[in-house]
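Content type TSV, C-alpha atoms and all ligand atoms, from the file data05.tsv:
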```
chain	number	residue	atom	x	y	z
A	1	MET	CA	0.00	0.00	0.00
A	2	PRO	CA	1.89	3.10	-1.15
A	3	VAL	CA	1.39	6.35	0.71
A	4	ASN	CA	1.07	9.80	-0.86
A	5	GLY	CA	2.39	12.95	0.78
A	6	MET	CA	3.51	13.67	4.32
A	7	PRO	CA	1.36	13.06	7.39
A	8	ARG	CA	-0.63	16.04	8.66
A	9	GLU	CA	0.86	17.40	11.91
A	10	LEU	CA	-1.15	16.59	15.02
A	11	ILE	CA	1.35	17.15	17.85
A	12	SER	CA	4.33	19.38	17.11
A	13	ARG	CA	7.89	18.62	18.08
A	14	GLU	CA	7.77	21.48	20.62
A	15	ARG	CA	4.62	20.16	22.33
A	16	LEU	CA	6.11	16.66	22.46
A	17	HIS	CA	9.28	17.91	24.10
A	18	ARG	CA	7.43	20.09	26.61
A	19	ARG	CA	5.27	17.15	27.64
A	20	VAL	CA	8.27	14.81	27.89
A	21	ASP	CA	9.89	17.38	30.23
A	22	GLU	CA	6.79	17.27	32.48
A	23	LEU	CA	6.57	13.46	32.47
A	24	ALA	CA	10.27	13.16	33.36
A	25	LEU	CA	9.77	15.45	36.37
A	26	GLU	CA	6.82	13.37	37.58
A	27	ILE	CA	8.69	10.10	37.12
A	28	GLU	CA	11.82	11.39	38.84
A	29	ARG	CA	9.72	12.47	41.81
A	30	ASP	CA	7.66	9.25	42.02
A	31	PHE	CA	10.67	6.94	41.86
A	32	ALA	CA	12.87	8.96	44.22
A	33	ASP	CA	12.81	6.18	46.82
A	34	SER	CA	13.21	3.32	44.38
A	35	GLU	CA	16.62	1.66	44.53
A	36	ASP	CA	16.33	-0.56	41.51
A	37	LEU	CA	14.46	0.96	38.58
A	38	LEU	CA	14.21	-1.06	35.38
A	39	CYS	CA	12.90	0.88	32.36
A	40	VAL	CA	11.42	-1.42	29.74
A	41	GLY	CA	10.72	-0.06	26.26
A	42	VAL	CA	8.21	-1.90	24.13
A	43	LEU	CA	9.77	-2.21	20.66
A	44	LYS	CA	9.78	-0.65	18.25
A	45	GLY	CA	7.39	2.25	18.64
A	46	SER	CA	8.56	3.50	22.04
A	47	VAL	CA	12.21	3.99	21.11
A	48	PHE	CA	12.21	7.71	20.24
A	49	PHE	CA	9.97	8.64	23.17
A	50	MET	CA	11.96	6.47	25.57
A	51	SER	CA	15.27	7.95	24.49
A	52	ASP	CA	14.07	11.53	25.04
A	53	LEU	CA	12.38	10.65	28.35
A	54	LEU	CA	15.23	8.73	29.94
A	55	GLN	CA	17.86	11.33	28.99
A	56	ARG	CA	15.91	13.74	31.20
A	57	LEU	CA	16.19	11.48	34.26
A	58	SER	CA	19.26	11.92	36.40
A	59	ARG	CA	18.68	8.94	38.70
A	60	PRO	CA	20.36	5.54	38.21
A	61	LEU	CA	18.33	3.11	36.11
A	62	VAL	CA	18.66	0.08	33.87
A	63	VAL	CA	17.32	-0.02	30.30
A	64	ASP	CA	15.81	-3.10	28.71
A	65	PHE	CA	13.51	-3.91	25.78
A	66	PHE	CA	10.58	-6.20	25.13
A	67	GLN	CA	8.93	-6.93	21.80
A	68	ALA	CA	5.56	-8.57	21.36
A	69	SER	CA	3.18	-9.24	18.50
A	70	SER	CA	-0.54	-9.00	19.00
A	71	TYR	CA	-2.77	-11.31	17.04
A	72	ARG	CA	-6.38	-10.52	16.35
A	73	GLY	CA	-7.22	-13.18	13.83
A	74	GLU	CA	-10.41	-15.20	13.85
A	75	THR	CA	-8.73	-18.12	15.58
A	76	THR	CA	-7.00	-16.10	18.31
A	77	ALA	CA	-8.49	-14.54	21.42
A	78	PRO	CA	-8.26	-10.77	21.76
A	79	GLY	CA	-5.13	-9.92	23.66
A	80	GLU	CA	-3.20	-13.00	22.61
A	81	VAL	CA	0.34	-11.70	22.62
A	82	ARG	CA	3.42	-13.53	21.40
A	83	ILE	CA	6.85	-12.61	22.74
A	84	ARG	CA	9.26	-11.80	19.92
A	85	ARG	CA	12.11	-10.47	22.05
A	86	ASP	CA	12.29	-11.09	25.75
A	87	LEU	CA	14.01	-9.05	28.46
A	88	ASP	CA	17.69	-9.46	29.30
A	89	HIS	CA	17.09	-8.69	32.99
A	90	SER	CA	15.20	-10.46	35.74
A	91	LEU	CA	12.17	-8.59	37.10
A	92	ALA	CA	12.18	-10.16	40.55
A	93	GLY	CA	11.87	-7.50	43.22
A	94	ARG	CA	12.38	-4.59	40.84
A	95	ASP	CA	10.35	-1.48	40.16
A	96	VAL	CA	9.46	-1.55	36.47
A	97	LEU	CA	8.60	1.44	34.31
A	98	LEU	CA	7.05	0.17	31.08
A	99	ILE	CA	7.30	2.64	28.22
A	100	GLU	CA	4.93	2.30	25.26
A	101	ASP	CA	4.03	4.41	22.23
A	102	ILE	CA	0.24	4.08	22.17
A	103	VAL	CA	-2.58	2.23	23.90
A	104	ASP	CA	-5.53	1.47	21.66
A	105	THR	CA	-7.84	-1.41	22.65
A	106	GLY	CA	-5.60	-2.04	25.65
A	107	TYR	CA	-5.16	-5.78	25.10
A	108	THR	CA	-1.42	-5.63	24.39
A	109	MET	CA	-0.57	-3.60	27.48
A	110	ARG	CA	-2.91	-5.47	29.76
A	111	THR	CA	-1.21	-8.72	28.79
A	112	ILE	CA	2.35	-7.38	29.06
A	113	MET	CA	1.69	-5.73	32.44
A	114	ALA	CA	0.20	-8.94	33.81
A	115	LEU	CA	3.23	-10.87	32.59
A	116	MET	CA	5.63	-8.46	34.33
A	117	GLY	CA	3.70	-8.81	37.60
A	118	PHE	CA	3.66	-12.60	37.24
A	119	ARG	CA	7.44	-12.58	36.87
A	120	GLY	CA	7.80	-11.04	40.30
A	121	ALA	CA	8.24	-7.31	39.69
A	122	ARG	CA	7.86	-5.30	42.91
A	123	SER	CA	5.81	-2.71	41.04
A	124	VAL	CA	4.84	-2.08	37.42
A	125	ARG	CA	3.99	1.40	36.19
A	126	LEU	CA	3.01	2.30	32.65
A	127	CYS	CA	4.14	5.39	30.77
A	128	VAL	CA	2.42	5.92	27.42
A	129	LEU	CA	2.99	8.66	24.89
A	130	LEU	CA	-0.46	8.46	23.30
A	131	ASP	CA	-3.76	7.22	24.69
A	132	LYS	CA	-6.53	6.38	22.22
A	133	ALA	CA	-8.99	6.11	25.09
A	134	CYS	CA	-12.05	6.14	22.79
A	135	LYS	CA	-10.97	2.74	21.41
A	136	ARG	CA	-10.45	0.97	24.74
A	137	GLU	CA	-11.96	-2.50	25.03
A	138	THR	CA	-10.26	-3.60	28.24
A	139	PRO	CA	-9.16	-1.39	31.13
A	140	VAL	CA	-5.50	-0.49	31.47
A	141	GLN	CA	-4.04	1.62	34.25
A	142	ILE	CA	-1.89	4.32	32.69
A	143	HIS	CA	0.30	6.06	35.29
A	144	TYR	CA	1.94	8.58	32.96
A	145	ARG	CA	0.16	9.72	29.80
A	146	GLY	CA	1.57	12.07	27.20
A	147	PHE	CA	-1.51	12.98	25.16
A	148	GLU	CA	-4.98	11.65	24.48
A	149	VAL	CA	-5.74	11.22	20.76
A	150	ASP	CA	-8.94	10.61	18.84
A	151	ASP	CA	-9.62	7.59	16.67
A	152	VAL	CA	-7.12	8.46	13.94
A	153	PHE	CA	-4.10	6.56	12.66
A	154	VAL	CA	-0.99	8.32	13.94
A	155	VAL	CA	2.62	8.01	12.84
A	156	GLY	CA	5.93	9.66	13.71
A	157	TYR	CA	8.08	10.03	16.82
A	158	GLY	CA	8.52	6.25	16.79
A	159	LEU	CA	5.13	5.21	15.46
A	160	ASP	CA	5.05	3.61	12.05
A	161	TYR	CA	2.98	2.69	9.07
A	162	ASN	CA	4.55	-0.43	7.50
A	163	ASP	CA	7.76	0.42	9.41
A	164	ARG	CA	7.99	3.88	7.86
A	165	TYR	CA	7.62	7.39	9.36
A	166	ARG	CA	9.18	6.47	12.71
A	167	ASN	CA	11.80	9.21	12.35
A	168	LEU	CA	9.33	12.07	11.87
A	169	PRO	CA	10.06	14.55	14.68
A	170	TYR	CA	6.32	15.18	15.23
A	171	VAL	CA	3.19	13.02	15.58
A	172	GLY	CA	1.12	13.16	12.42
A	173	VAL	CA	-2.07	11.69	11.05
A	174	LEU	CA	-2.22	9.51	7.98
A	175	ASP	CA	-5.52	10.35	6.38
A	176	GLU	CA	-7.26	7.67	4.36
A	177	VAL	CA	-6.73	9.72	1.22
A	178	ASP	CA	-2.98	9.38	1.78
A	179	VAL	CA	-3.11	5.60	1.59
A	180	GLU	CA	-3.73	4.00	-1.77
A	181	THR	CA	-5.20	0.53	-1.48
A	182	GLU	CA	-4.02	-1.89	-4.12
B	201	LIG	P1	-3.79	-2.41	21.50
B	201	LIG	O1	-3.50	-3.80	21.96
B	201	LIG	O2	-3.82	-1.39	22.61
B	201	LIG	O3	-5.04	-2.35	20.66
B	201	LIG	O4	-2.64	-2.11	20.49
B	201	LIG	C1	-1.61	-1.26	20.69
B	201	LIG	C2	-0.68	-1.33	19.49
B	201	LIG	O5	-1.41	-1.06	18.27
B	201	LIG	C3	0.36	-0.25	19.58
B	201	LIG	O6	1.50	-0.70	20.27
B	201	LIG	C4	0.64	0.05	18.13
B	201	LIG	O7	1.62	-0.84	17.64
B	201	LIG	C5	-0.65	-0.25	17.40
B	201	LIG	N1	-1.45	0.99	17.13
B	201	LIG	C6	-2.66	1.29	17.61
B	201	LIG	N2	-3.09	2.49	17.13
B	201	LIG	C7	-2.10	2.94	16.33
B	201	LIG	C8	-1.93	4.15	15.55
B	201	LIG	O8	-2.77	5.06	15.48
B	201	LIG	N3	-0.75	4.27	14.87
B	201	LIG	C9	0.22	3.31	14.89
B	201	LIG	N4	1.33	3.54	14.18
B	201	LIG	N5	0.10	2.17	15.62
B	201	LIG	C10	-1.05	1.98	16.33
```

Spell out the structure here as structure tokens.
Amino acid sequence: MPVNGMPRELISRERLHRRVDELALEIERDFADSEDLLCVGVLKGSVFFMSDLLQRLSRPLVVDFFQASSYRGETTAPGEVRIRRDLDHSLAGRDVLLIEDIVDTGYTMRTIMALMGFRGARSVRLCVLLDKACKRETPVQIHYRGFEVDDVFVVGYGLDYNDRYRNLPYVGVLDEVDVETE
């Protein structure tokens, strides 16, 4: 499916950076007493957001990554998530900050958060750049939220369409007219 033109800007680079500043302050304050903070980025969409966020934290922390695929076919239950890349670090007894690009129906995050708890994390908190709350099908507790977005398909600042647009410095909308179906 080829795409015409550039995505329409929804959240500017300046607004993104201002919000990341605010989230970093909140996180720094909330984890002040935590001795062992593990920051887990959910690949690949969180990478740009995570990099900007964690560079603003001055406390010691460990970085790790997790990659999952969600399946929503007719033969799979909603929320069935397959691990494609697992963590390098053990979660036992650690405070975990999960960093994700966007929560839509909520199935992916609900499953990943449950898995982290099951593996013995002391606490699991979720930091999400974008919240498509209007699409939620299962509840997810979001501790740190960048922006709420409507039911539109967003790309940029890590988010992709067919693995493209991740390096856009802003969050944009791909309108249906931009996408040619074959
Ligand atoms: P959920 O399980 O919450 O429905 O799915 C979340 C995943 O769907 C995200 O991690 C992301 O990969 C994908 N997703 C949902 N909405 C969008 C969107 O507007 N743009 C992009 N690029 N990905 C999206």

Neighbours of point (8.0, 18.7, 20.5) within 12 Å, using all atoms listed in the file, written as number ranges by chain
A: 9-21, 48-49, 52, 146, 156-157, 168-172

Convert the current residue selection to file output with C-alpha atoms, as a JSON list (two decimals), in the frame of the given file.
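Written out: selection17.json:
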```
[["chain", "number", "residue", "atom", "x", "y", "z"],
["A", 9, "GLU", "CA", 0.86, 17.40, 11.91],
["A", 10, "LEU", "CA", -1.15, 16.59, 15.02],
["A", 11, "ILE", "CA", 1.35, 17.15, 17.85],
["A", 12, "SER", "CA", 4.33, 19.38, 17.11],
["A", 13, "ARG", "CA", 7.89, 18.62, 18.08],
["A", 14, "GLU", "CA", 7.77, 21.48, 20.62],
["A", 15, "ARG", "CA", 4.62, 20.16, 22.33],
["A", 16, "LEU", "CA", 6.11, 16.66, 22.46],
["A", 17, "HIS", "CA", 9.28, 17.91, 24.10],
["A", 18, "ARG", "CA", 7.43, 20.09, 26.61],
["A", 19, "ARG", "CA", 5.27, 17.15, 27.64],
["A", 20, "VAL", "CA", 8.27, 14.81, 27.89],
["A", 21, "ASP", "CA", 9.89, 17.38, 30.23],
["A", 48, "PHE", "CA", 12.21, 7.71, 20.24],
["A", 49, "PHE", "CA", 9.97, 8.64, 23.17],
["A", 52, "ASP", "CA", 14.07, 11.53, 25.04],
["A", 146, "GLY", "CA", 1.57, 12.07, 27.20],
["A", 156, "GLY", "CA", 5.93, 9.66, 13.71],
["A", 157, "TYR", "CA", 8.08, 10.03, 16.82],
["A", 168, "LEU", "CA", 9.33, 12.07, 11.87],
["A", 169, "PRO", "CA", 10.06, 14.55, 14.68],
["A", 170, "TYR", "CA", 6.32, 15.18, 15.23],
["A", 171, "VAL", "CA", 3.19, 13.02, 15.58],
["A", 172, "GLY", "CA", 1.12, 13.16, 12.42]]
```

Nearby residues, ligand LIG 201 (chain B), 10 Å, all atoms listed in the file, as a VMD selection string:
chain A and resid 42 to 46 67 to 72 78 to 81 100 to 112 128 130 to 133 135 to 138 140 149 to 166 171 to 174

Length of the CA of Ala24 (chain A) to CA of Leu38 (chain A) vector [Å]
14.9 Å

Could you give me, as a ChimeraX atom specification, the residues within 12 Å of Leu37 (chain A), counting all atoms listed in the file and dropping anything in the same chain fewer than 4 positions from it?
/A:27-28,30-33,54,57,59-64,89-98,121-125

Looking at A:Phe118, A:Arg29, A:Val40, A:Arg8, which one is nearest to Arg85 (chain A), with distances taken over all atoms listed in the file?
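For Arg85 (chain A), the nearest of the candidates is A:Val40.
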
Rounded to one decimal, what separation in Å do you get between CA of Phe66 (chain A) and CA of Leu126 (chain A)?
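Between these atoms lies a distance of 13.6 Å.
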
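Taking only C-alpha atoms into account, Cys39 (chain A) lies nearest to A:Ile99 out of the set A:Glu22, A:Ile99, A:Asp86, A:Gln55.
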
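One finds CA of Leu53 (chain A) at 28.3 Å from CA of Asp175 (chain A).
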
For Cys127 (chain A), which residue out of A:Leu87, A:Met6, A:Leu23, A:Ala114 is the nearest one, using all atoms listed in the file?
A:Leu23

Write out N, CA, C and O atoms for region 26-38 of chain A, as a PDB file, keeping the file's coordinate frame.
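Just written: result-v7.pdb:
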```pdb
ATOM      1  N   GLU A  26       7.738  14.216  36.781  1.00  0.00           N
ATOM      2  CA  GLU A  26       6.820  13.370  37.580  1.00  0.00           C
ATOM      3  C   GLU A  26       7.468  12.033  37.920  1.00  0.00           C
ATOM      4  O   GLU A  26       7.394  11.559  39.059  1.00  0.00           O
ATOM      5  N   ILE A  27       8.094  11.427  36.922  1.00  0.00           N
ATOM      6  CA  ILE A  27       8.690  10.100  37.120  1.00  0.00           C
ATOM      7  C   ILE A  27       9.858  10.191  38.098  1.00  0.00           C
ATOM      8  O   ILE A  27      10.001   9.365  39.008  1.00  0.00           O
ATOM      9  N   GLU A  28      10.673  11.211  37.939  1.00  0.00           N
ATOM     10  CA  GLU A  28      11.820  11.390  38.840  1.00  0.00           C
ATOM     11  C   GLU A  28      11.340  11.506  40.290  1.00  0.00           C
ATOM     12  O   GLU A  28      11.907  10.910  41.199  1.00  0.00           O
ATOM     13  N   ARG A  29      10.261  12.270  40.464  1.00  0.00           N
ATOM     14  CA  ARG A  29       9.720  12.470  41.810  1.00  0.00           C
ATOM     15  C   ARG A  29       9.144  11.154  42.360  1.00  0.00           C
ATOM     16  O   ARG A  29       9.435  10.749  43.476  1.00  0.00           O
ATOM     17  N   ASP A  30       8.342  10.457  41.540  1.00  0.00           N
ATOM     18  CA  ASP A  30       7.660   9.250  42.020  1.00  0.00           C
ATOM     19  C   ASP A  30       8.608   8.111  42.344  1.00  0.00           C
ATOM     20  O   ASP A  30       8.301   7.258  43.171  1.00  0.00           O
ATOM     21  N   PHE A  31       9.741   8.058  41.645  1.00  0.00           N
ATOM     22  CA  PHE A  31      10.670   6.940  41.860  1.00  0.00           C
ATOM     23  C   PHE A  31      11.867   7.341  42.723  1.00  0.00           C
ATOM     24  O   PHE A  31      12.868   6.629  42.763  1.00  0.00           O
ATOM     25  N   ALA A  32      11.729   8.455  43.425  1.00  0.00           N
ATOM     26  CA  ALA A  32      12.870   8.960  44.220  1.00  0.00           C
ATOM     27  C   ALA A  32      13.357   7.932  45.239  1.00  0.00           C
ATOM     28  O   ALA A  32      14.551   7.837  45.515  1.00  0.00           O
ATOM     29  N   ASP A  33      12.425   7.146  45.788  1.00  0.00           N
ATOM     30  CA  ASP A  33      12.810   6.180  46.820  1.00  0.00           C
ATOM     31  C   ASP A  33      13.104   4.790  46.268  1.00  0.00           C
ATOM     32  O   ASP A  33      13.382   3.865  47.032  1.00  0.00           O
ATOM     33  N   SER A  34      13.001   4.639  44.963  1.00  0.00           N
ATOM     34  CA  SER A  34      13.210   3.320  44.380  1.00  0.00           C
ATOM     35  C   SER A  34      14.714   3.090  44.169  1.00  0.00           C
ATOM     36  O   SER A  34      15.405   3.923  43.600  1.00  0.00           O
ATOM     37  N   GLU A  35      15.174   1.917  44.633  1.00  0.00           N
ATOM     38  CA  GLU A  35      16.620   1.660  44.530  1.00  0.00           C
ATOM     39  C   GLU A  35      16.989   0.964  43.236  1.00  0.00           C
ATOM     40  O   GLU A  35      18.128   1.004  42.797  1.00  0.00           O
ATOM     41  N   ASP A  36      16.004   0.296  42.645  1.00  0.00           N
ATOM     42  CA  ASP A  36      16.330  -0.560  41.510  1.00  0.00           C
ATOM     43  C   ASP A  36      15.289  -0.385  40.403  1.00  0.00           C
ATOM     44  O   ASP A  36      14.368  -1.171  40.285  1.00  0.00           O
ATOM     45  N   LEU A  37      15.461   0.657  39.622  1.00  0.00           N
ATOM     46  CA  LEU A  37      14.460   0.960  38.580  1.00  0.00           C
ATOM     47  C   LEU A  37      14.885   0.358  37.244  1.00  0.00           C
ATOM     48  O   LEU A  37      15.972   0.632  36.739  1.00  0.00           O
ATOM     49  N   LEU A  38      13.979  -0.459  36.693  1.00  0.00           N
ATOM     50  CA  LEU A  38      14.210  -1.060  35.380  1.00  0.00           C
ATOM     51  C   LEU A  38      13.226  -0.425  34.393  1.00  0.00           C
ATOM     52  O   LEU A  38      12.009  -0.527  34.562  1.00  0.00           O
TER      53      LEU A  38
END
```
